[in-house]
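This is work04.pdb (PDB, C-alpha atoms).
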MODEL        1
ATOM      1  CA  THR Z   1     112.270 115.756 109.084
ATOM      2  CA  GLU Z   2     114.198 118.482 110.890
ATOM      3  CA  ARG Z   3     113.585 116.829 114.277
ATOM      4  CA  VAL Z   4     114.584 113.400 112.973
ATOM      5  CA  THR Z   5     117.730 114.898 111.431
ATOM      6  CA  THR Z   6     118.687 116.697 114.645
ATOM      7  CA  LEU Z   7     118.206 113.552 116.732
ATOM      8  CA  SER Z   8     120.014 111.345 114.195
ATOM      9  CA  LEU Z   9     122.994 113.695 114.111
ATOM     10  CA  GLN Z  10     123.213 113.711 117.912
ATOM     11  CA  ILE Z  11     123.347 109.906 117.920
ATOM     12  CA  ALA Z  12     125.959 109.829 115.142
ATOM     13  CA  LYS Z  13     128.142 112.401 116.942
ATOM     14  CA  LYS Z  14     128.070 110.313 120.100
ATOM     15  CA  ILE Z  15     129.015 107.171 118.148
ATOM     16  CA  ILE Z  16     131.934 108.998 116.524
ATOM     17  CA  GLN Z  17     133.045 110.343 119.930
ATOM     18  CA  GLN Z  18     133.005 106.865 121.436
ATOM     19  CA  ASN Z  19     134.934 105.247 118.601
ATOM     20  CA  LYS Z  20     136.886 107.767 116.545
ATOM     21  CA  GLU Z  21     139.023 105.064 114.937
ATOM     22  CA  ALA Z  22     136.096 103.131 113.462
ATOM     23  CA  PHE Z  23     133.881 106.058 112.478
ATOM     24  CA  LYS Z  24     134.963 109.112 110.591
ATOM     25  CA  GLU Z  25     133.206 112.419 110.016
ATOM     26  CA  LYS Z  26     131.826 110.960 106.765
ATOM     27  CA  LEU Z  27     129.315 109.088 108.932
ATOM     28  CA  LEU Z  28     127.975 112.434 110.105
ATOM     29  CA  GLU Z  29     127.547 113.675 106.538
ATOM     30  CA  ASP Z  30     125.880 110.435 105.432
ATOM     31  CA  VAL Z  31     123.504 110.440 108.426
ATOM     32  CA  HIS Z  32     122.663 114.085 107.789
ATOM     33  CA  ILE Z  33     121.713 113.446 104.168
ATOM     34  CA  ALA Z  34     119.913 110.155 104.857
ATOM     35  CA  SER Z  35     117.870 111.556 107.737
ATOM     36  CA  LEU Z  36     116.781 114.519 105.624
ATOM     37  CA  LEU Z  37     115.740 112.213 102.768
ATOM     38  CA  HIS Z  38     114.597 109.093 104.645
ATOM     39  CA  ASP Z  39     110.898 109.564 103.839
ATOM     40  CA  ILE Z  40     111.221 111.085 100.362
ATOM     41  CA  GLY Z  41     109.522 107.991  98.957
ATOM     42  CA  LYS Z  42     106.289 109.058 100.637
ATOM     43  CA  ILE Z  43     105.753 111.422  97.718
ATOM     44  CA  GLY Z  44     104.774 108.257  95.847
ATOM     45  CA  ILE Z  45     102.122 107.308  98.435
ATOM     46  CA  PRO Z  46      98.576 108.692  98.059
ATOM     47  CA  GLU Z  47      97.876 111.527 100.471
ATOM     48  CA  ASN Z  48      94.593 110.002 101.626
ATOM     49  CA  ILE Z  49      96.554 107.013 102.957
ATOM     50  CA  LEU Z  50      99.291 109.099 104.594
ATOM     51  CA  ASN Z  51      96.747 111.315 106.372
ATOM     52  CA  LYS Z  52      94.182 108.652 107.183
ATOM     53  CA  GLU Z  53      92.735 108.786 110.675
ATOM     54  CA  GLY Z  54      92.582 105.388 112.290
ATOM     55  CA  PRO Z  55      94.177 102.089 111.340
ATOM     56  CA  LEU Z  56      95.283 101.294 107.810
ATOM     57  CA  THR Z  57      93.866  98.371 105.884
ATOM     58  CA  GLU Z  58      96.289  95.607 104.919
ATOM     59  CA  GLU Z  59      96.418  96.982 101.359
ATOM     60  CA  GLU Z  60      97.075 100.540 102.595
ATOM     61  CA  ARG Z  61      99.832  99.310 104.914
ATOM     62  CA  GLU Z  62     101.478  97.446 102.016
ATOM     63  CA  THR Z  63     101.319 100.662  99.978
ATOM     64  CA  VAL Z  64     102.973 102.691 102.755
ATOM     65  CA  GLU Z  65     105.672 100.034 103.167
ATOM     66  CA  LYS Z  66     106.810 100.719  99.589
ATOM     67  CA  HIS Z  67     108.057 104.210 100.474
ATOM     68  CA  PRO Z  68     111.671 103.208 101.281
ATOM     69  CA  GLU Z  69     112.118 101.534  97.900
ATOM     70  CA  ILE Z  70     110.381 104.416  96.119
ATOM     71  CA  GLY Z  71     112.840 106.759  97.849
ATOM     72  CA  VAL Z  72     115.813 104.708  96.667
ATOM     73  CA  ALA Z  73     114.421 104.665  93.118
ATOM     74  CA  ILE Z  74     114.190 108.471  93.197
ATOM     75  CA  LEU Z  75     117.730 108.972  94.537
ATOM     76  CA  LYS Z  76     119.766 106.041  93.178
ATOM     77  CA  SER Z  77     121.179 107.895  90.186
ATOM     78  CA  ILE Z  78     123.091 110.255  92.511
ATOM     79  CA  LYS Z  79     126.315 108.307  93.116
ATOM     80  CA  GLU Z  80     127.433 110.475  96.040
ATOM     81  CA  LEU Z  81     124.452 109.226  98.040
ATOM     82  CA  ASP Z  82     125.473 105.545  98.111
ATOM     83  CA  LYS Z  83     125.910 105.343 101.914
ATOM     84  CA  SER Z  84     122.956 107.639 102.603
ATOM     85  CA  LEU Z  85     120.700 105.422 100.504
ATOM     86  CA  LEU Z  86     121.228 102.669 103.083
ATOM     87  CA  GLY Z  87     119.411 104.844 105.612
ATOM     88  CA  VAL Z  88     116.625 105.672 103.174
ATOM     89  CA  LYS Z  89     116.087 102.034 102.202
ATOM     90  CA  TYR Z  90     116.459 100.267 105.541
ATOM     91  CA  HIS Z  91     115.144 102.654 108.218
ATOM     92  CA  HIS Z  92     112.095 100.411 108.771
ATOM     93  CA  GLU Z  93     114.055  97.209 109.312
ATOM     94  CA  LYS Z  94     113.704  95.803 112.829
ATOM     95  CA  TYR Z  95     116.446  94.324 114.945
ATOM     96  CA  ASP Z  96     114.542  91.022 115.242
ATOM     97  CA  GLY Z  97     114.124  90.738 111.441
ATOM     98  CA  SER Z  98     110.419  91.546 111.316
ATOM     99  CA  GLY Z  99     110.787  94.873 109.475
ATOM    100  CA  TYR Z 100     110.745  95.831 105.827
ATOM    101  CA  PRO Z 101     111.686  95.973 102.951
ATOM    102  CA  GLU Z 102     114.022  92.955 103.268
ATOM    103  CA  GLY Z 103     113.567  91.628 106.803
ATOM    104  CA  LEU Z 104     117.177  92.320 107.792
ATOM    105  CA  SER Z 105     118.097  91.674 111.417
ATOM    106  CA  GLY Z 106     120.730  92.591 114.001
ATOM    107  CA  ASP Z 107     124.083  93.685 112.634
ATOM    108  CA  ASN Z 108     122.892  93.111 109.063
ATOM    109  CA  ILE Z 109     120.962  96.363 109.331
ATOM    110  CA  PRO Z 110     123.233  99.240 108.283
ATOM    111  CA  LEU Z 111     124.230 101.476 111.213
ATOM    112  CA  ILE Z 112     122.892 104.551 109.438
ATOM    113  CA  ALA Z 113     119.448 102.925 109.193
ATOM    114  CA  SER Z 114     119.478 101.866 112.862
ATOM    115  CA  ILE Z 115     120.261 105.443 113.878
ATOM    116  CA  ILE Z 116     117.427 106.900 111.789
ATOM    117  CA  SER Z 117     115.011 104.214 112.995
ATOM    118  CA  VAL Z 118     115.454 105.196 116.646
ATOM    119  CA  ALA Z 119     115.306 108.945 115.944
ATOM    120  CA  ASP Z 120     112.313 108.618 113.597
ATOM    121  CA  SER Z 121     110.397 106.368 115.993
ATOM    122  CA  PHE Z 122     110.999 108.685 118.946
ATOM    123  CA  ASP Z 123     109.817 111.631 116.871
ATOM    124  CA  ALA Z 124     106.729 109.725 115.705
ATOM    125  CA  MET Z 125     105.837 108.728 119.257
ATOM    126  CA  THR Z 126     106.218 112.269 120.614
ATOM    127  CA  SER Z 127     104.430 114.071 117.751
ATOM    128  CA  ASP Z 128     100.763 114.383 116.885
ATOM    129  CA  ARG Z 129      99.699 111.904 114.217
ATOM    130  CA  PRO Z 130      96.281 111.581 112.545
ATOM    131  CA  TYR Z 131      96.154 107.825 113.212
ATOM    132  CA  ARG Z 132      96.722 108.036 116.971
ATOM    133  CA  TYR Z 133      94.670 109.419 119.859
ATOM    134  CA  ARG Z 134      97.527 111.174 121.666
ATOM    135  CA  LYS Z 135     101.260 111.609 121.473
ATOM    136  CA  LEU Z 136     103.519 110.168 124.153
ATOM    137  CA  THR Z 137     105.580 112.211 126.564
ATOM    138  CA  PRO Z 138     109.350 111.975 126.027
ATOM    139  CA  GLU Z 139     109.554 109.771 129.136
ATOM    140  CA  GLU Z 140     106.872 107.404 127.795
ATOM    141  CA  ALA Z 141     108.625 107.271 124.413
ATOM    142  CA  MET Z 142     111.940 106.431 126.108
ATOM    143  CA  GLY Z 143     110.134 103.617 127.893
ATOM    144  CA  GLU Z 144     108.892 102.285 124.548
ATOM    145  CA  LEU Z 145     112.400 102.463 123.110
ATOM    146  CA  ARG Z 146     113.775 100.530 126.100
ATOM    147  CA  LEU Z 147     110.958  97.982 125.873
ATOM    148  CA  ASN Z 148     111.658  97.390 122.182
ATOM    149  CA  ALA Z 149     115.466  97.429 122.323
ATOM    150  CA  GLY Z 150     116.618  94.119 120.877
ATOM    151  CA  LYS Z 151     113.259  93.619 119.161
ATOM    152  CA  GLN Z 152     112.515  96.615 116.982
ATOM    153  CA  PHE Z 153     115.627  98.660 117.724
ATOM    154  CA  ASP Z 154     119.361  98.112 117.984
ATOM    155  CA  PRO Z 155     119.944  98.085 121.761
ATOM    156  CA  THR Z 156     123.285  99.895 121.451
ATOM    157  CA  ILE Z 157     121.655 102.777 119.567
ATOM    158  CA  VAL Z 158     118.794 102.914 122.087
ATOM    159  CA  ASN Z 159     121.270 103.117 124.986
ATOM    160  CA  ILE Z 160     123.213 105.912 123.299
ATOM    161  CA  PHE Z 161     120.012 107.806 122.521
ATOM    162  CA  ILE Z 162     118.632 107.461 126.072
ATOM    163  CA  LYS Z 163     121.931 108.849 127.443
ATOM    164  CA  ILE Z 164     121.656 111.805 125.050
ATOM    165  CA  LEU Z 165     118.068 112.516 126.097
ATOM    166  CA  ASN Z 166     118.916 112.244 129.789
ATOM    167  CA  SER Z 167     121.808 114.669 129.450
TER     168      SER Z 167
ENDMDL
END
Could you rewrite the structure in this file as structure tokens?
Amino acid sequence: TERVTTLSLQIAKKIIQQNKEAFKEKLLEDVHIASLLHDIGKIGIPENILNKEGPLTEEERETVEKHPEIGVAILKSIKELDKSLLGVKYHHEKYDGSGYPEGLSGDNIPLIASIISVADSFDAMTSDRPYRYRKLTPEEAMGELRLNAGKQFDPTIVNIFIKILNS
């Protein structure tokens, strides 16, 4: 979570720098909170599924895919988190509309969720996971982000993130 938060904040800062008129510092606060809480719904997913080595069954995958909505259910009573909840709920949406929970696409995906999606995916690719043989190098992960820009990821966010990593 700390790595995802750090990466998400770097992306948000760059977006604010590039367009100060459209984005205020509130974006930074909302991204900070959302990135810290984006996977809170996983507390409602059985540990044996989260830590399973190897591929998930269809039923297990459907269970895991409930975590964004579980997270929103946990946090929705806190009114100050309205914008941050968009990141919690939609960080698994894909730019081409094939994600979950609602199958949003393109600009219909909230910016905060697109930011967290790129940061979270990069972190997942470059970290050890029980379901994968080996982690990717940062260079390999950047290649995957580029390859999936416009499909899984917002291409603008990918471009910003790649520039951050290269600097």
For the file shown, report as a PDB file with C-alpha atoms, in the frame of the given file the outcome of the PyMOL selection byres ((chain Z and resi 29-35) around 12) at residue level.
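Result saved to out.pdb:
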ATOM      1  CA  THR Z   1     112.270 115.756 109.084  1.00  0.00           C
ATOM      2  CA  GLU Z   2     114.198 118.482 110.890  1.00  0.00           C
ATOM      3  CA  ARG Z   3     113.585 116.829 114.277  1.00  0.00           C
ATOM      4  CA  VAL Z   4     114.584 113.400 112.973  1.00  0.00           C
ATOM      5  CA  THR Z   5     117.730 114.898 111.431  1.00  0.00           C
ATOM      6  CA  THR Z   6     118.687 116.697 114.645  1.00  0.00           C
ATOM      7  CA  LEU Z   7     118.206 113.552 116.732  1.00  0.00           C
ATOM      8  CA  SER Z   8     120.014 111.345 114.195  1.00  0.00           C
ATOM      9  CA  LEU Z   9     122.994 113.695 114.111  1.00  0.00           C
ATOM     10  CA  GLN Z  10     123.213 113.711 117.912  1.00  0.00           C
ATOM     11  CA  ILE Z  11     123.347 109.906 117.920  1.00  0.00           C
ATOM     12  CA  ALA Z  12     125.959 109.829 115.142  1.00  0.00           C
ATOM     13  CA  LYS Z  13     128.142 112.401 116.942  1.00  0.00           C
ATOM     14  CA  ILE Z  15     129.015 107.171 118.148  1.00  0.00           C
ATOM     15  CA  ILE Z  16     131.934 108.998 116.524  1.00  0.00           C
ATOM     16  CA  PHE Z  23     133.881 106.058 112.478  1.00  0.00           C
ATOM     17  CA  LYS Z  24     134.963 109.112 110.591  1.00  0.00           C
ATOM     18  CA  GLU Z  25     133.206 112.419 110.016  1.00  0.00           C
ATOM     19  CA  LYS Z  26     131.826 110.960 106.765  1.00  0.00           C
ATOM     20  CA  LEU Z  27     129.315 109.088 108.932  1.00  0.00           C
ATOM     21  CA  LEU Z  28     127.975 112.434 110.105  1.00  0.00           C
ATOM     22  CA  LEU Z  36     116.781 114.519 105.624  1.00  0.00           C
ATOM     23  CA  LEU Z  37     115.740 112.213 102.768  1.00  0.00           C
ATOM     24  CA  HIS Z  38     114.597 109.093 104.645  1.00  0.00           C
ATOM     25  CA  ASP Z  39     110.898 109.564 103.839  1.00  0.00           C
ATOM     26  CA  ILE Z  40     111.221 111.085 100.362  1.00  0.00           C
ATOM     27  CA  PRO Z  68     111.671 103.208 101.281  1.00  0.00           C
ATOM     28  CA  GLY Z  71     112.840 106.759  97.849  1.00  0.00           C
ATOM     29  CA  VAL Z  72     115.813 104.708  96.667  1.00  0.00           C
ATOM     30  CA  LEU Z  75     117.730 108.972  94.537  1.00  0.00           C
ATOM     31  CA  GLU Z  80     127.433 110.475  96.040  1.00  0.00           C
ATOM     32  CA  LEU Z  81     124.452 109.226  98.040  1.00  0.00           C
ATOM     33  CA  ASP Z  82     125.473 105.545  98.111  1.00  0.00           C
ATOM     34  CA  LYS Z  83     125.910 105.343 101.914  1.00  0.00           C
ATOM     35  CA  SER Z  84     122.956 107.639 102.603  1.00  0.00           C
ATOM     36  CA  LEU Z  85     120.700 105.422 100.504  1.00  0.00           C
ATOM     37  CA  LEU Z  86     121.228 102.669 103.083  1.00  0.00           C
ATOM     38  CA  GLY Z  87     119.411 104.844 105.612  1.00  0.00           C
ATOM     39  CA  VAL Z  88     116.625 105.672 103.174  1.00  0.00           C
ATOM     40  CA  LYS Z  89     116.087 102.034 102.202  1.00  0.00           C
ATOM     41  CA  TYR Z  90     116.459 100.267 105.541  1.00  0.00           C
ATOM     42  CA  HIS Z  91     115.144 102.654 108.218  1.00  0.00           C
ATOM     43  CA  PRO Z 110     123.233  99.240 108.283  1.00  0.00           C
ATOM     44  CA  LEU Z 111     124.230 101.476 111.213  1.00  0.00           C
ATOM     45  CA  ILE Z 112     122.892 104.551 109.438  1.00  0.00           C
ATOM     46  CA  ALA Z 113     119.448 102.925 109.193  1.00  0.00           C
ATOM     47  CA  SER Z 114     119.478 101.866 112.862  1.00  0.00           C
ATOM     48  CA  ILE Z 115     120.261 105.443 113.878  1.00  0.00           C
ATOM     49  CA  ILE Z 116     117.427 106.900 111.789  1.00  0.00           C
ATOM     50  CA  SER Z 117     115.011 104.214 112.995  1.00  0.00           C
ATOM     51  CA  VAL Z 118     115.454 105.196 116.646  1.00  0.00           C
ATOM     52  CA  ALA Z 119     115.306 108.945 115.944  1.00  0.00           C
ATOM     53  CA  ASP Z 120     112.313 108.618 113.597  1.00  0.00           C
TER      54      ASP Z 120
END
Original post:
Which neighbours of Ile43 (chain Z) fall inside 12 Å, counting only C-alpha atoms, when residues of the same chain fewer than 6 positions from it are skipped, and could you give them as a PyMOL selection string?
Top reply: chain Z and resi 37+49-50+63-64+66-71+73-74
Can you build me a table of region 44-109 of chain Z residues sitting at most 9 Å from region 146-150 of chain Z, with the closest atom pair per residue and its distance in Å to one decimal, using only C-alpha atoms, sorted by chain and residue number, as a Markdown table?
| residue | atom | partner | partner_atom | distance |
| --- | --- | --- | --- | --- |
| Z:Lys94 | CA | Z:Gly150 | CA | 8.7 |
| Z:Tyr95 | CA | Z:Gly150 | CA | 5.9 |
| Z:Asp96 | CA | Z:Gly150 | CA | 6.8 |
| Z:Gly106 | CA | Z:Gly150 | CA | 8.2 |
**OP:** Could you list the residues chosen by the PyMOL selection byres ((chain Z and resi 51) around 12) in this structure as a PyMOL selection string?
**Re:** chain Z and resi 42+45-50+52-56+60+64+128-132
**OP:** Step by step, work through what the PyMOL selection byres ((chain Z and resi 136-140) around 12) selects in the shown file, and finish by giving those residues as an NGL selection string.
**Re:** :Z and (121-129 or 132-135 or 141-147 or 161-162 or 165-166)
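Atom pair CA of Glu59 (chain Z) / CA of Pro101 (chain Z): separated by 15.4 Å.
Between CA of Gln17 (chain Z) and CA of Asp154 (chain Z) the interatomic distance comes to 18.5 Å.
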Original post:
Could you work out how far CA of Gln152 (chain Z) lies from CA of Ser105 (chain Z), giving the answer in Å with one decimal?
Top reply: 9.3 Å
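Comparing the minimum interatomic distances between Ser98 (chain Z) and each of Z:Lys151, Z:Lys14, Z:Lys79, Z:Lys20, counting only C-alpha atoms, we find that Z:Lys151 sits nearest.
Counting only C-alpha atoms, the residue from Z:Gly97, Z:Gly103, Z:Thr156, Z:Gly41 that sits nearest to Lys76 (chain Z) is Z:Gly41.
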Complete the atom set of region 60-92 of chain Z to N, CA and C atoms and return it as a PDB file, keeping the file's coordinate frame.
ATOM      1  N   GLU Z  60      96.505  99.203 102.356  1.00  0.00           N
ATOM      2  CA  GLU Z  60      97.075 100.540 102.595  1.00  0.00           C
ATOM      3  C   GLU Z  60      98.441 100.424 103.266  1.00  0.00           C
ATOM      4  N   ARG Z  61      98.549  99.511 104.229  1.00  0.00           N
ATOM      5  CA  ARG Z  61      99.832  99.310 104.914  1.00  0.00           C
ATOM      6  C   ARG Z  61     100.892  98.841 103.918  1.00  0.00           C
ATOM      7  N   GLU Z  62     100.535  97.918 103.038  1.00  0.00           N
ATOM      8  CA  GLU Z  62     101.478  97.446 102.016  1.00  0.00           C
ATOM      9  C   GLU Z  62     101.908  98.587 101.104  1.00  0.00           C
ATOM     10  N   THR Z  63     100.989  99.491 100.805  1.00  0.00           N
ATOM     11  CA  THR Z  63     101.319 100.662  99.978  1.00  0.00           C
ATOM     12  C   THR Z  63     102.321 101.557 100.706  1.00  0.00           C
ATOM     13  N   VAL Z  64     102.073 101.839 101.960  1.00  0.00           N
ATOM     14  CA  VAL Z  64     102.973 102.691 102.755  1.00  0.00           C
ATOM     15  C   VAL Z  64     104.356 102.047 102.860  1.00  0.00           C
ATOM     16  N   GLU Z  65     104.398 100.738 103.007  1.00  0.00           N
ATOM     17  CA  GLU Z  65     105.672 100.034 103.167  1.00  0.00           C
ATOM     18  C   GLU Z  65     106.541 100.062 101.906  1.00  0.00           C
ATOM     19  N   LYS Z  66     106.017 100.576 100.825  1.00  0.00           N
ATOM     20  CA  LYS Z  66     106.810 100.719  99.589  1.00  0.00           C
ATOM     21  C   LYS Z  66     107.645 101.997  99.590  1.00  0.00           C
ATOM     22  N   HIS Z  67     107.389 102.907 100.544  1.00  0.00           N
ATOM     23  CA  HIS Z  67     108.057 104.210 100.474  1.00  0.00           C
ATOM     24  C   HIS Z  67     109.582 104.150 100.551  1.00  0.00           C
ATOM     25  N   PRO Z  68     110.202 103.226 101.306  1.00  0.00           N
ATOM     26  CA  PRO Z  68     111.671 103.208 101.281  1.00  0.00           C
ATOM     27  C   PRO Z  68     112.236 102.868  99.892  1.00  0.00           C
ATOM     28  N   GLU Z  69     111.624 101.918  99.219  1.00  0.00           N
ATOM     29  CA  GLU Z  69     112.118 101.534  97.900  1.00  0.00           C
ATOM     30  C   GLU Z  69     111.808 102.598  96.855  1.00  0.00           C
ATOM     31  N   ILE Z  70     110.684 103.294  97.011  1.00  0.00           N
ATOM     32  CA  ILE Z  70     110.381 104.416  96.119  1.00  0.00           C
ATOM     33  C   ILE Z  70     111.438 105.500  96.309  1.00  0.00           C
ATOM     34  N   GLY Z  71     111.804 105.761  97.564  1.00  0.00           N
ATOM     35  CA  GLY Z  71     112.840 106.759  97.849  1.00  0.00           C
ATOM     36  C   GLY Z  71     114.165 106.404  97.204  1.00  0.00           C
ATOM     37  N   VAL Z  72     114.561 105.152  97.293  1.00  0.00           N
ATOM     38  CA  VAL Z  72     115.813 104.708  96.667  1.00  0.00           C
ATOM     39  C   VAL Z  72     115.726 104.878  95.156  1.00  0.00           C
ATOM     40  N   ALA Z  73     114.584 104.529  94.571  1.00  0.00           N
ATOM     41  CA  ALA Z  73     114.421 104.665  93.118  1.00  0.00           C
ATOM     42  C   ALA Z  73     114.574 106.123  92.682  1.00  0.00           C
ATOM     43  N   ILE Z  74     114.087 107.036  93.503  1.00  0.00           N
ATOM     44  CA  ILE Z  74     114.190 108.471  93.197  1.00  0.00           C
ATOM     45  C   ILE Z  74     115.643 108.939  93.258  1.00  0.00           C
ATOM     46  N   LEU Z  75     116.395 108.435  94.238  1.00  0.00           N
ATOM     47  CA  LEU Z  75     117.730 108.972  94.537  1.00  0.00           C
ATOM     48  C   LEU Z  75     118.905 108.166  93.973  1.00  0.00           C
ATOM     49  N   LYS Z  76     118.666 106.958  93.492  1.00  0.00           N
ATOM     50  CA  LYS Z  76     119.766 106.041  93.178  1.00  0.00           C
ATOM     51  C   LYS Z  76     120.719 106.533  92.090  1.00  0.00           C
ATOM     52  N   SER Z  77     120.293 107.425  91.256  1.00  0.00           N
ATOM     53  CA  SER Z  77     121.179 107.895  90.186  1.00  0.00           C
ATOM     54  C   SER Z  77     122.230 108.887  90.694  1.00  0.00           C
ATOM     55  N   ILE Z  78     122.119 109.327  91.932  1.00  0.00           N
ATOM     56  CA  ILE Z  78     123.091 110.255  92.511  1.00  0.00           C
ATOM     57  C   ILE Z  78     124.152 109.430  93.242  1.00  0.00           C
ATOM     58  N   LYS Z  79     125.272 109.209  92.603  1.00  0.00           N
ATOM     59  CA  LYS Z  79     126.315 108.307  93.116  1.00  0.00           C
ATOM     60  C   LYS Z  79     126.842 108.716  94.497  1.00  0.00           C
ATOM     61  N   GLU Z  80     126.900 109.993  94.766  1.00  0.00           N
ATOM     62  CA  GLU Z  80     127.433 110.475  96.040  1.00  0.00           C
ATOM     63  C   GLU Z  80     126.562 110.076  97.231  1.00  0.00           C
ATOM     64  N   LEU Z  81     125.378 109.572  96.969  1.00  0.00           N
ATOM     65  CA  LEU Z  81     124.452 109.226  98.040  1.00  0.00           C
ATOM     66  C   LEU Z  81     124.474 107.737  98.408  1.00  0.00           C
ATOM     67  N   ASP Z  82     125.450 107.001  97.892  1.00  0.00           N
ATOM     68  CA  ASP Z  82     125.473 105.545  98.111  1.00  0.00           C
ATOM     69  C   ASP Z  82     125.251 105.150  99.568  1.00  0.00           C
ATOM     70  N   LYS Z  83     126.033 105.697 100.486  1.00  0.00           N
ATOM     71  CA  LYS Z  83     125.910 105.343 101.914  1.00  0.00           C
ATOM     72  C   LYS Z  83     124.599 105.874 102.496  1.00  0.00           C
ATOM     73  N   SER Z  84     124.200 107.063 102.099  1.00  0.00           N
ATOM     74  CA  SER Z  84     122.956 107.639 102.603  1.00  0.00           C
ATOM     75  C   SER Z  84     121.746 106.827 102.163  1.00  0.00           C
ATOM     76  N   LEU Z  85     121.812 106.234 100.987  1.00  0.00           N
ATOM     77  CA  LEU Z  85     120.700 105.422 100.504  1.00  0.00           C
ATOM     78  C   LEU Z  85     120.419 104.231 101.413  1.00  0.00           C
ATOM     79  N   LEU Z  86     121.437 103.768 102.138  1.00  0.00           N
ATOM     80  CA  LEU Z  86     121.228 102.669 103.083  1.00  0.00           C
ATOM     81  C   LEU Z  86     120.256 103.087 104.188  1.00  0.00           C
ATOM     82  N   GLY Z  87     120.333 104.332 104.611  1.00  0.00           N
ATOM     83  CA  GLY Z  87     119.411 104.844 105.612  1.00  0.00           C
ATOM     84  C   GLY Z  87     118.007 105.015 105.059  1.00  0.00           C
ATOM     85  N   VAL Z  88     117.921 105.486 103.819  1.00  0.00           N
ATOM     86  CA  VAL Z  88     116.625 105.672 103.174  1.00  0.00           C
ATOM     87  C   VAL Z  88     115.937 104.317 102.994  1.00  0.00           C
ATOM     88  N   LYS Z  89     116.672 103.339 102.527  1.00  0.00           N
ATOM     89  CA  LYS Z  89     116.087 102.034 102.202  1.00  0.00           C
ATOM     90  C   LYS Z  89     115.743 101.201 103.434  1.00  0.00           C
ATOM     91  N   TYR Z  90     116.591 101.234 104.450  1.00  0.00           N
ATOM     92  CA  TYR Z  90     116.459 100.267 105.541  1.00  0.00           C
ATOM     93  C   TYR Z  90     115.993 100.841 106.881  1.00  0.00           C
ATOM     94  N   HIS Z  91     115.505 102.069 106.926  1.00  0.00           N
ATOM     95  CA  HIS Z  91     115.144 102.654 108.218  1.00  0.00           C
ATOM     96  C   HIS Z  91     113.907 102.030 108.862  1.00  0.00           C
ATOM     97  N   HIS Z  92     113.223 101.131 108.170  1.00  0.00           N
ATOM     98  CA  HIS Z  92     112.095 100.411 108.771  1.00  0.00           C
ATOM     99  C   HIS Z  92     112.401  98.940 109.031  1.00  0.00           C
TER     100      HIS Z  92
END
